[in-house]
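Printed here is structure.pdb (PDB, N, CA and C atoms):
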ATOM      1  N   MET V   1     141.499 174.903 -16.066
ATOM      2  CA  MET V   1     142.189 174.047 -15.125
ATOM      3  C   MET V   1     143.220 174.899 -14.376
ATOM      4  N   PRO V   2     142.998 175.195 -13.102
ATOM      5  CA  PRO V   2     143.977 175.958 -12.336
ATOM      6  C   PRO V   2     145.218 175.107 -12.056
ATOM      7  N   GLU V   3     146.379 175.731 -12.210
ATOM      8  CA  GLU V   3     147.644 175.083 -11.882
ATOM      9  C   GLU V   3     148.373 175.942 -10.864
ATOM     10  N   ILE V   4     148.767 175.324  -9.767
ATOM     11  CA  ILE V   4     149.445 176.014  -8.681
ATOM     12  C   ILE V   4     150.841 175.430  -8.536
ATOM     13  N   THR V   5     151.844 176.293  -8.456
ATOM     14  CA  THR V   5     153.210 175.863  -8.195
ATOM     15  C   THR V   5     153.635 176.417  -6.847
ATOM     16  N   VAL V   6     154.135 175.545  -5.992
ATOM     17  CA  VAL V   6     154.603 175.935  -4.663
ATOM     18  C   VAL V   6     156.120 175.766  -4.642
ATOM     19  N   ASN V   7     156.830 176.857  -4.398
ATOM     20  CA  ASN V   7     158.283 176.817  -4.253
ATOM     21  C   ASN V   7     158.598 176.871  -2.768
ATOM     22  N   MET V   8     159.421 175.913  -2.302
ATOM     23  CA  MET V   8     159.746 175.901  -0.879
ATOM     24  C   MET V   8     161.058 175.167  -0.635
ATOM     25  N   ALA V   9     161.592 175.399   0.537
ATOM     26  CA  ALA V   9     162.805 174.703   0.944
ATOM     27  C   ALA V   9     162.476 173.242   1.210
ATOM     28  N   ALA V  10     163.405 172.367   0.879
ATOM     29  CA  ALA V  10     163.226 170.931   1.116
ATOM     30  C   ALA V  10     163.196 170.658   2.614
ATOM     31  N   GLY V  11     162.585 169.526   2.967
ATOM     32  CA  GLY V  11     162.620 169.120   4.365
ATOM     33  C   GLY V  11     161.286 168.685   4.939
ATOM     34  N   ARG V  12     160.210 168.886   4.199
ATOM     35  CA  ARG V  12     158.907 168.435   4.707
ATOM     36  C   ARG V  12     158.694 166.982   4.334
ATOM     37  N   THR V  13     157.871 166.307   5.100
ATOM     38  CA  THR V  13     157.579 164.901   4.809
ATOM     39  C   THR V  13     156.574 164.815   3.662
ATOM     40  N   ASP V  14     156.505 163.629   3.063
ATOM     41  CA  ASP V  14     155.514 163.400   2.009
ATOM     42  C   ASP V  14     154.100 163.612   2.551
ATOM     43  N   LYS V  15     153.873 163.213   3.787
ATOM     44  CA  LYS V  15     152.552 163.389   4.409
ATOM     45  C   LYS V  15     152.208 164.875   4.536
ATOM     46  N   GLN V  16     153.165 165.691   4.951
ATOM     47  CA  GLN V  16     152.927 167.132   5.079
ATOM     48  C   GLN V  16     152.621 167.752   3.725
ATOM     49  N   LYS V  17     153.392 167.373   2.706
ATOM     50  CA  LYS V  17     153.192 167.940   1.374
ATOM     51  C   LYS V  17     151.843 167.515   0.792
ATOM     52  N   ALA V  18     151.471 166.260   0.972
ATOM     53  CA  ALA V  18     150.175 165.787   0.466
ATOM     54  C   ALA V  18     149.034 166.520   1.153
ATOM     55  N   GLY V  19     149.142 166.729   2.460
ATOM     56  CA  GLY V  19     148.113 167.466   3.198
ATOM     57  C   GLY V  19     147.980 168.892   2.702
ATOM     58  N   MET V  20     149.115 169.541   2.461
ATOM     59  CA  MET V  20     149.102 170.913   1.953
ATOM     60  C   MET V  20     148.427 170.957   0.581
ATOM     61  N   MET V  21     148.775 170.001  -0.280
ATOM     62  CA  MET V  21     148.182 169.987  -1.622
ATOM     63  C   MET V  21     146.681 169.723  -1.574
ATOM     64  N   ARG V  22     146.243 168.858  -0.656
ATOM     65  CA  ARG V  22     144.799 168.621  -0.503
ATOM     66  C   ARG V  22     144.094 169.902  -0.037
ATOM     67  N   ASP V  23     144.706 170.616   0.918
ATOM     68  CA  ASP V  23     144.107 171.859   1.412
ATOM     69  C   ASP V  23     144.029 172.920   0.314
ATOM     70  N   ILE V  24     145.083 173.039  -0.478
ATOM     71  CA  ILE V  24     145.073 174.005  -1.584
ATOM     72  C   ILE V  24     143.995 173.626  -2.590
ATOM     73  N   THR V  25     143.901 172.339  -2.909
ATOM     74  CA  THR V  25     142.870 171.872  -3.837
ATOM     75  C   THR V  25     141.482 172.243  -3.325
ATOM     76  N   GLN V  26     141.237 171.987  -2.042
ATOM     77  CA  GLN V  26     139.925 172.295  -1.477
ATOM     78  C   GLN V  26     139.638 173.794  -1.507
ATOM     79  N   ALA V  27     140.655 174.612  -1.281
ATOM     80  CA  ALA V  27     140.468 176.064  -1.339
ATOM     81  C   ALA V  27     140.054 176.502  -2.742
ATOM     82  N   LEU V  28     140.647 175.912  -3.755
ATOM     83  CA  LEU V  28     140.276 176.269  -5.124
ATOM     84  C   LEU V  28     138.872 175.786  -5.468
ATOM     85  N   VAL V  29     138.524 174.612  -4.993
ATOM     86  CA  VAL V  29     137.170 174.100  -5.196
ATOM     87  C   VAL V  29     136.158 175.046  -4.545
ATOM     88  N   THR V  30     136.445 175.438  -3.311
ATOM     89  CA  THR V  30     135.531 176.299  -2.550
ATOM     90  C   THR V  30     135.428 177.699  -3.138
ATOM     91  N   HIS V  31     136.558 178.311  -3.445
ATOM     92  CA  HIS V  31     136.566 179.723  -3.819
ATOM     93  C   HIS V  31     136.476 179.999  -5.314
ATOM     94  N   LEU V  32     136.876 179.027  -6.136
ATOM     95  CA  LEU V  32     136.805 179.238  -7.584
ATOM     96  C   LEU V  32     135.699 178.424  -8.246
ATOM     97  N   GLY V  33     135.143 177.485  -7.502
ATOM     98  CA  GLY V  33     134.062 176.680  -8.049
ATOM     99  C   GLY V  33     134.499 175.680  -9.114
ATOM    100  N   VAL V  34     135.776 175.273  -9.049
ATOM    101  CA  VAL V  34     136.279 174.279 -10.005
ATOM    102  C   VAL V  34     136.178 172.888  -9.393
ATOM    103  N   ALA V  35     136.224 171.876 -10.240
ATOM    104  CA  ALA V  35     136.219 170.499  -9.755
ATOM    105  C   ALA V  35     137.628 170.134  -9.283
ATOM    106  N   ALA V  36     137.712 169.355  -8.209
ATOM    107  CA  ALA V  36     139.014 168.937  -7.689
ATOM    108  C   ALA V  36     139.830 168.224  -8.756
ATOM    109  N   GLU V  37     139.167 167.492  -9.621
ATOM    110  CA  GLU V  37     139.852 166.747 -10.677
ATOM    111  C   GLU V  37     140.557 167.659 -11.676
ATOM    112  N   ASP V  38     140.176 168.939 -11.707
ATOM    113  CA  ASP V  38     140.771 169.888 -12.643
ATOM    114  C   ASP V  38     141.943 170.665 -12.047
ATOM    115  N   VAL V  39     142.226 170.471 -10.784
ATOM    116  CA  VAL V  39     143.290 171.225 -10.103
ATOM    117  C   VAL V  39     144.609 170.461 -10.206
ATOM    118  N   VAL V  40     145.646 171.170 -10.638
ATOM    119  CA  VAL V  40     147.000 170.607 -10.722
ATOM    120  C   VAL V  40     147.896 171.396  -9.778
ATOM    121  N   ILE V  41     148.617 170.678  -8.922
ATOM    122  CA  ILE V  41     149.538 171.322  -7.978
ATOM    123  C   ILE V  41     150.901 170.667  -8.128
ATOM    124  N   GLN V  42     151.925 171.512  -8.181
ATOM    125  CA  GLN V  42     153.297 171.021  -8.286
ATOM    126  C   GLN V  42     154.138 171.686  -7.207
ATOM    127  N   ILE V  43     154.983 170.895  -6.566
ATOM    128  CA  ILE V  43     155.903 171.417  -5.555
ATOM    129  C   ILE V  43     157.307 171.399  -6.135
ATOM    130  N   ASN V  44     157.972 172.537  -6.071
ATOM    131  CA  ASN V  44     159.383 172.640  -6.425
ATOM    132  C   ASN V  44     160.148 172.842  -5.124
ATOM    133  N   GLU V  45     161.024 171.894  -4.803
ATOM    134  CA  GLU V  45     161.782 171.976  -3.566
ATOM    135  C   GLU V  45     163.243 172.310  -3.856
ATOM    136  N   ALA V  46     163.770 173.214  -3.078
ATOM    137  CA  ALA V  46     165.179 173.587  -3.194
ATOM    138  C   ALA V  46     165.928 173.069  -1.973
ATOM    139  N   PRO V  47     167.117 172.503  -2.188
ATOM    140  CA  PRO V  47     167.931 172.115  -1.030
ATOM    141  C   PRO V  47     168.200 173.345  -0.155
ATOM    142  N   LEU V  48     168.338 173.126   1.132
ATOM    143  CA  LEU V  48     168.536 174.243   2.067
ATOM    144  C   LEU V  48     169.786 175.048   1.735
ATOM    145  N   THR V  49     170.757 174.428   1.077
ATOM    146  CA  THR V  49     171.972 175.152   0.689
ATOM    147  C   THR V  49     171.733 176.058  -0.508
ATOM    148  N   ASN V  50     170.661 175.840  -1.233
ATOM    149  CA  ASN V  50     170.372 176.619  -2.440
ATOM    150  C   ASN V  50     169.299 177.674  -2.228
ATOM    151  N   LYS V  51     168.949 177.938  -0.988
ATOM    152  CA  LYS V  51     167.904 178.919  -0.691
ATOM    153  C   LYS V  51     168.431 179.850   0.393
ATOM    154  N   MET V  52     168.227 181.156   0.192
ATOM    155  CA  MET V  52     168.780 182.139   1.118
ATOM    156  C   MET V  52     167.719 183.169   1.483
ATOM    157  N   LYS V  53     167.775 183.619   2.715
ATOM    158  CA  LYS V  53     166.890 184.682   3.190
ATOM    159  C   LYS V  53     167.710 185.551   4.124
ATOM    160  N   GLY V  54     167.651 186.849   3.933
ATOM    161  CA  GLY V  54     168.361 187.771   4.819
ATOM    162  C   GLY V  54     169.879 187.600   4.786
ATOM    163  N   GLY V  55     170.417 187.151   3.651
ATOM    164  CA  GLY V  55     171.859 187.009   3.514
ATOM    165  C   GLY V  55     172.431 185.737   4.112
ATOM    166  N   LYS V  56     171.569 184.815   4.558
ATOM    167  CA  LYS V  56     172.025 183.546   5.122
ATOM    168  C   LYS V  56     171.291 182.405   4.436
ATOM    169  N   THR V  57     172.028 181.335   4.115
ATOM    170  CA  THR V  57     171.362 180.173   3.544
ATOM    171  C   THR V  57     170.442 179.571   4.601
ATOM    172  N   PHE V  58     169.529 178.766   4.164
ATOM    173  CA  PHE V  58     168.620 178.126   5.117
ATOM    174  C   PHE V  58     169.369 177.174   6.039
ATOM    175  N   VAL V  59     170.485 176.624   5.577
ATOM    176  CA  VAL V  59     171.328 175.795   6.450
ATOM    177  C   VAL V  59     171.899 176.658   7.568
ATOM    178  N   GLU V  60     172.411 177.839   7.220
ATOM    179  CA  GLU V  60     172.963 178.758   8.219
ATOM    180  C   GLU V  60     171.887 179.244   9.184
ATOM    181  N   ARG V  61     170.708 179.528   8.655
ATOM    182  CA  ARG V  61     169.611 180.002   9.509
ATOM    183  C   ARG V  61     169.193 178.912  10.493
ATOM    184  N   LYS V  62     169.126 177.676   9.992
ATOM    185  CA  LYS V  62     168.745 176.558  10.852
ATOM    186  C   LYS V  62     169.786 176.351  11.956
ATOM    187  N   ALA V  63     171.054 176.433  11.598
ATOM    188  CA  ALA V  63     172.139 176.272  12.593
ATOM    189  C   ALA V  63     172.084 177.382  13.640
ATOM    190  N   ALA V  64     171.766 178.587  13.218
ATOM    191  CA  ALA V  64     171.698 179.714  14.148
ATOM    192  C   ALA V  64     170.545 179.572  15.136
ATOM    193  N   GLN V  65     169.495 178.832  14.722
ATOM    194  CA  GLN V  65     168.346 178.614  15.600
ATOM    195  C   GLN V  65     168.577 177.453  16.544
ATOM    196  N   GLY V  66     169.696 176.750  16.363
ATOM    197  CA  GLY V  66     170.009 175.641  17.240
ATOM    198  C   GLY V  66     169.218 174.384  16.941
ATOM    199  N   LYS V  67     168.771 174.230  15.710
ATOM    200  CA  LYS V  67     167.969 173.055  15.346
ATOM    201  C   LYS V  67     168.785 172.118  14.491
TER     202      LYS V  67
END
Show the structure stored in the file as structure tokens.
Amino acid sequence: MPEITVNMAAGRTDKQKAGMMRDITQALVTHLGVAAEDVVIQINEAPLTNKMKGGKTFVERKAAQGK
């Protein structure tokens, strides 16, 4: 049973996350030959204040982009 964990910054909609998980499931079915029922996917979301890239939190990066 393949188990996939996705770590990402919070902010995506439930619809976006479900679509991503369906696509990952299908990729494992296609490339590993496993049944979709055997695939487990978990999303770990971090608040934007708790995630940093290039010395700036994701909140700071978002503000710098004007969004």
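What separates atom CA of Arg22 of chain V from atom N of Glu3 of chain V is a distance of 13.8 Å.
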key: Separation of atom CA of Thr57 of chain V from atom CA of Val40 of chain V in Å   = 29.8 Å
message = Applying 8 Å and only N, CA and C atoms, which residues near Gln26 of chain V remain after dropping the ones on its own chain fewer than 6 positions away? List them as an NGL selection string.
response = :V and (20 or 32 or 36)
inquiry  = On this structure, the PyMOL selection byres ((chain V and resi 45-54) around 6.5) would catch which residues? List them as a PyMOL selection string, sorted by chain and number.
reply    = chain V and resi 6-10+43-44+55-59
Write out, as an mmCIF file, in the coordinates of the input, the residues just selected, with N, CA and C atoms.
data_model
loop_
_atom_site.group_PDB
_atom_site.id
_atom_site.type_symbol
_atom_site.label_atom_id
_atom_site.label_comp_id
_atom_site.auth_asym_id
_atom_site.auth_seq_id
_atom_site.Cartn_x
_atom_site.Cartn_y
_atom_site.Cartn_z
ATOM 1 N N VAL V 6 154.135 175.545 -5.992
ATOM 2 C CA VAL V 6 154.603 175.935 -4.663
ATOM 3 C C VAL V 6 156.120 175.766 -4.642
ATOM 4 N N ASN V 7 156.830 176.857 -4.398
ATOM 5 C CA ASN V 7 158.283 176.817 -4.253
ATOM 6 C C ASN V 7 158.598 176.871 -2.768
ATOM 7 N N MET V 8 159.421 175.913 -2.302
ATOM 8 C CA MET V 8 159.746 175.901 -0.879
ATOM 9 C C MET V 8 161.058 175.167 -0.635
ATOM 10 N N ALA V 9 161.592 175.399 0.537
ATOM 11 C CA ALA V 9 162.805 174.703 0.944
ATOM 12 C C ALA V 9 162.476 173.242 1.210
ATOM 13 N N ALA V 10 163.405 172.367 0.879
ATOM 14 C CA ALA V 10 163.226 170.931 1.116
ATOM 15 C C ALA V 10 163.196 170.658 2.614
ATOM 16 N N ILE V 43 154.983 170.895 -6.566
ATOM 17 C CA ILE V 43 155.903 171.417 -5.555
ATOM 18 C C ILE V 43 157.307 171.399 -6.135
ATOM 19 N N ASN V 44 157.972 172.537 -6.071
ATOM 20 C CA ASN V 44 159.383 172.640 -6.425
ATOM 21 C C ASN V 44 160.148 172.842 -5.124
ATOM 22 N N GLY V 55 170.417 187.151 3.651
ATOM 23 C CA GLY V 55 171.859 187.009 3.514
ATOM 24 C C GLY V 55 172.431 185.737 4.112
ATOM 25 N N LYS V 56 171.569 184.815 4.558
ATOM 26 C CA LYS V 56 172.025 183.546 5.122
ATOM 27 C C LYS V 56 171.291 182.405 4.436
ATOM 28 N N THR V 57 172.028 181.335 4.115
ATOM 29 C CA THR V 57 171.362 180.173 3.544
ATOM 30 C C THR V 57 170.442 179.571 4.601
ATOM 31 N N PHE V 58 169.529 178.766 4.164
ATOM 32 C CA PHE V 58 168.620 178.126 5.117
ATOM 33 C C PHE V 58 169.369 177.174 6.039
ATOM 34 N N VAL V 59 170.485 176.624 5.577
ATOM 35 C CA VAL V 59 171.328 175.795 6.450
ATOM 36 C C VAL V 59 171.899 176.658 7.568
#
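If you look at atom CA of Gly19 of chain V and atom N of His31 of chain V, they are 17.2 Å away from each other.
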inquiry  = To test your reading of the structure, identify every residue in segment 10-66 of chain V that backbone DSSP assigns to alpha helix (DSSP H), and report it as a PyMOL selection string.
reply    = chain V and resi 14-32+58-64
Box time for segment 6-13 of chain V: axis-aligned, enclosing all its listed atoms, 5 Å extra on each side; report centre and edge lengths in Å to one decimal, as JSON.
{"center_x": 158.8, "center_y": 170.8, "center_z": -0.4, "size_x": 19.3, "size_y": 22.1, "size_z": 21.1}
Enumerate as a PDB file with N, CA and C atoms, keeping the file's coordinate frame all residues of chain V assigned to strand (DSSP E) by DSSP on the backbone, naming them with the chain letters and numbers the document uses.
ATOM      1  N   GLU V   3     146.379 175.731 -12.210  1.00  0.00           N
ATOM      2  CA  GLU V   3     147.644 175.083 -11.882  1.00  0.00           C
ATOM      3  C   GLU V   3     148.373 175.942 -10.864  1.00  0.00           C
ATOM      4  N   ILE V   4     148.767 175.324  -9.767  1.00  0.00           N
ATOM      5  CA  ILE V   4     149.445 176.014  -8.681  1.00  0.00           C
ATOM      6  C   ILE V   4     150.841 175.430  -8.536  1.00  0.00           C
ATOM      7  N   THR V   5     151.844 176.293  -8.456  1.00  0.00           N
ATOM      8  CA  THR V   5     153.210 175.863  -8.195  1.00  0.00           C
ATOM      9  C   THR V   5     153.635 176.417  -6.847  1.00  0.00           C
ATOM     10  N   VAL V   6     154.135 175.545  -5.992  1.00  0.00           N
ATOM     11  CA  VAL V   6     154.603 175.935  -4.663  1.00  0.00           C
ATOM     12  C   VAL V   6     156.120 175.766  -4.642  1.00  0.00           C
ATOM     13  N   ASN V   7     156.830 176.857  -4.398  1.00  0.00           N
ATOM     14  CA  ASN V   7     158.283 176.817  -4.253  1.00  0.00           C
ATOM     15  C   ASN V   7     158.598 176.871  -2.768  1.00  0.00           C
ATOM     16  N   MET V   8     159.421 175.913  -2.302  1.00  0.00           N
ATOM     17  CA  MET V   8     159.746 175.901  -0.879  1.00  0.00           C
ATOM     18  C   MET V   8     161.058 175.167  -0.635  1.00  0.00           C
ATOM     19  N   ALA V   9     161.592 175.399   0.537  1.00  0.00           N
ATOM     20  CA  ALA V   9     162.805 174.703   0.944  1.00  0.00           C
ATOM     21  C   ALA V   9     162.476 173.242   1.210  1.00  0.00           C
ATOM     22  N   VAL V  40     145.646 171.170 -10.638  1.00  0.00           N
ATOM     23  CA  VAL V  40     147.000 170.607 -10.722  1.00  0.00           C
ATOM     24  C   VAL V  40     147.896 171.396  -9.778  1.00  0.00           C
ATOM     25  N   ILE V  41     148.617 170.678  -8.922  1.00  0.00           N
ATOM     26  CA  ILE V  41     149.538 171.322  -7.978  1.00  0.00           C
ATOM     27  C   ILE V  41     150.901 170.667  -8.128  1.00  0.00           C
ATOM     28  N   GLN V  42     151.925 171.512  -8.181  1.00  0.00           N
ATOM     29  CA  GLN V  42     153.297 171.021  -8.286  1.00  0.00           C
ATOM     30  C   GLN V  42     154.138 171.686  -7.207  1.00  0.00           C
ATOM     31  N   ILE V  43     154.983 170.895  -6.566  1.00  0.00           N
ATOM     32  CA  ILE V  43     155.903 171.417  -5.555  1.00  0.00           C
ATOM     33  C   ILE V  43     157.307 171.399  -6.135  1.00  0.00           C
ATOM     34  N   ASN V  44     157.972 172.537  -6.071  1.00  0.00           N
ATOM     35  CA  ASN V  44     159.383 172.640  -6.425  1.00  0.00           C
ATOM     36  C   ASN V  44     160.148 172.842  -5.124  1.00  0.00           C
ATOM     37  N   GLU V  45     161.024 171.894  -4.803  1.00  0.00           N
ATOM     38  CA  GLU V  45     161.782 171.976  -3.566  1.00  0.00           C
ATOM     39  C   GLU V  45     163.243 172.310  -3.856  1.00  0.00           C
ATOM     40  N   ALA V  46     163.770 173.214  -3.078  1.00  0.00           N
ATOM     41  CA  ALA V  46     165.179 173.587  -3.194  1.00  0.00           C
ATOM     42  C   ALA V  46     165.928 173.069  -1.973  1.00  0.00           C
ATOM     43  N   MET V  52     168.227 181.156   0.192  1.00  0.00           N
ATOM     44  CA  MET V  52     168.780 182.139   1.118  1.00  0.00           C
ATOM     45  C   MET V  52     167.719 183.169   1.483  1.00  0.00           C
ATOM     46  N   LYS V  53     167.775 183.619   2.715  1.00  0.00           N
ATOM     47  CA  LYS V  53     166.890 184.682   3.190  1.00  0.00           C
ATOM     48  C   LYS V  53     167.710 185.551   4.124  1.00  0.00           C
ATOM     49  N   LYS V  56     171.569 184.815   4.558  1.00  0.00           N
ATOM     50  CA  LYS V  56     172.025 183.546   5.122  1.00  0.00           C
ATOM     51  C   LYS V  56     171.291 182.405   4.436  1.00  0.00           C
ATOM     52  N   THR V  57     172.028 181.335   4.115  1.00  0.00           N
ATOM     53  CA  THR V  57     171.362 180.173   3.544  1.00  0.00           C
ATOM     54  C   THR V  57     170.442 179.571   4.601  1.00  0.00           C
TER      55      THR V  57
END
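Among the candidates V:Ala63, V:Met21, V:Val29, V:Val39, the residue lying nearest to Met1 of chain V is V:Val39 (atoms considered: all atoms listed in the file).
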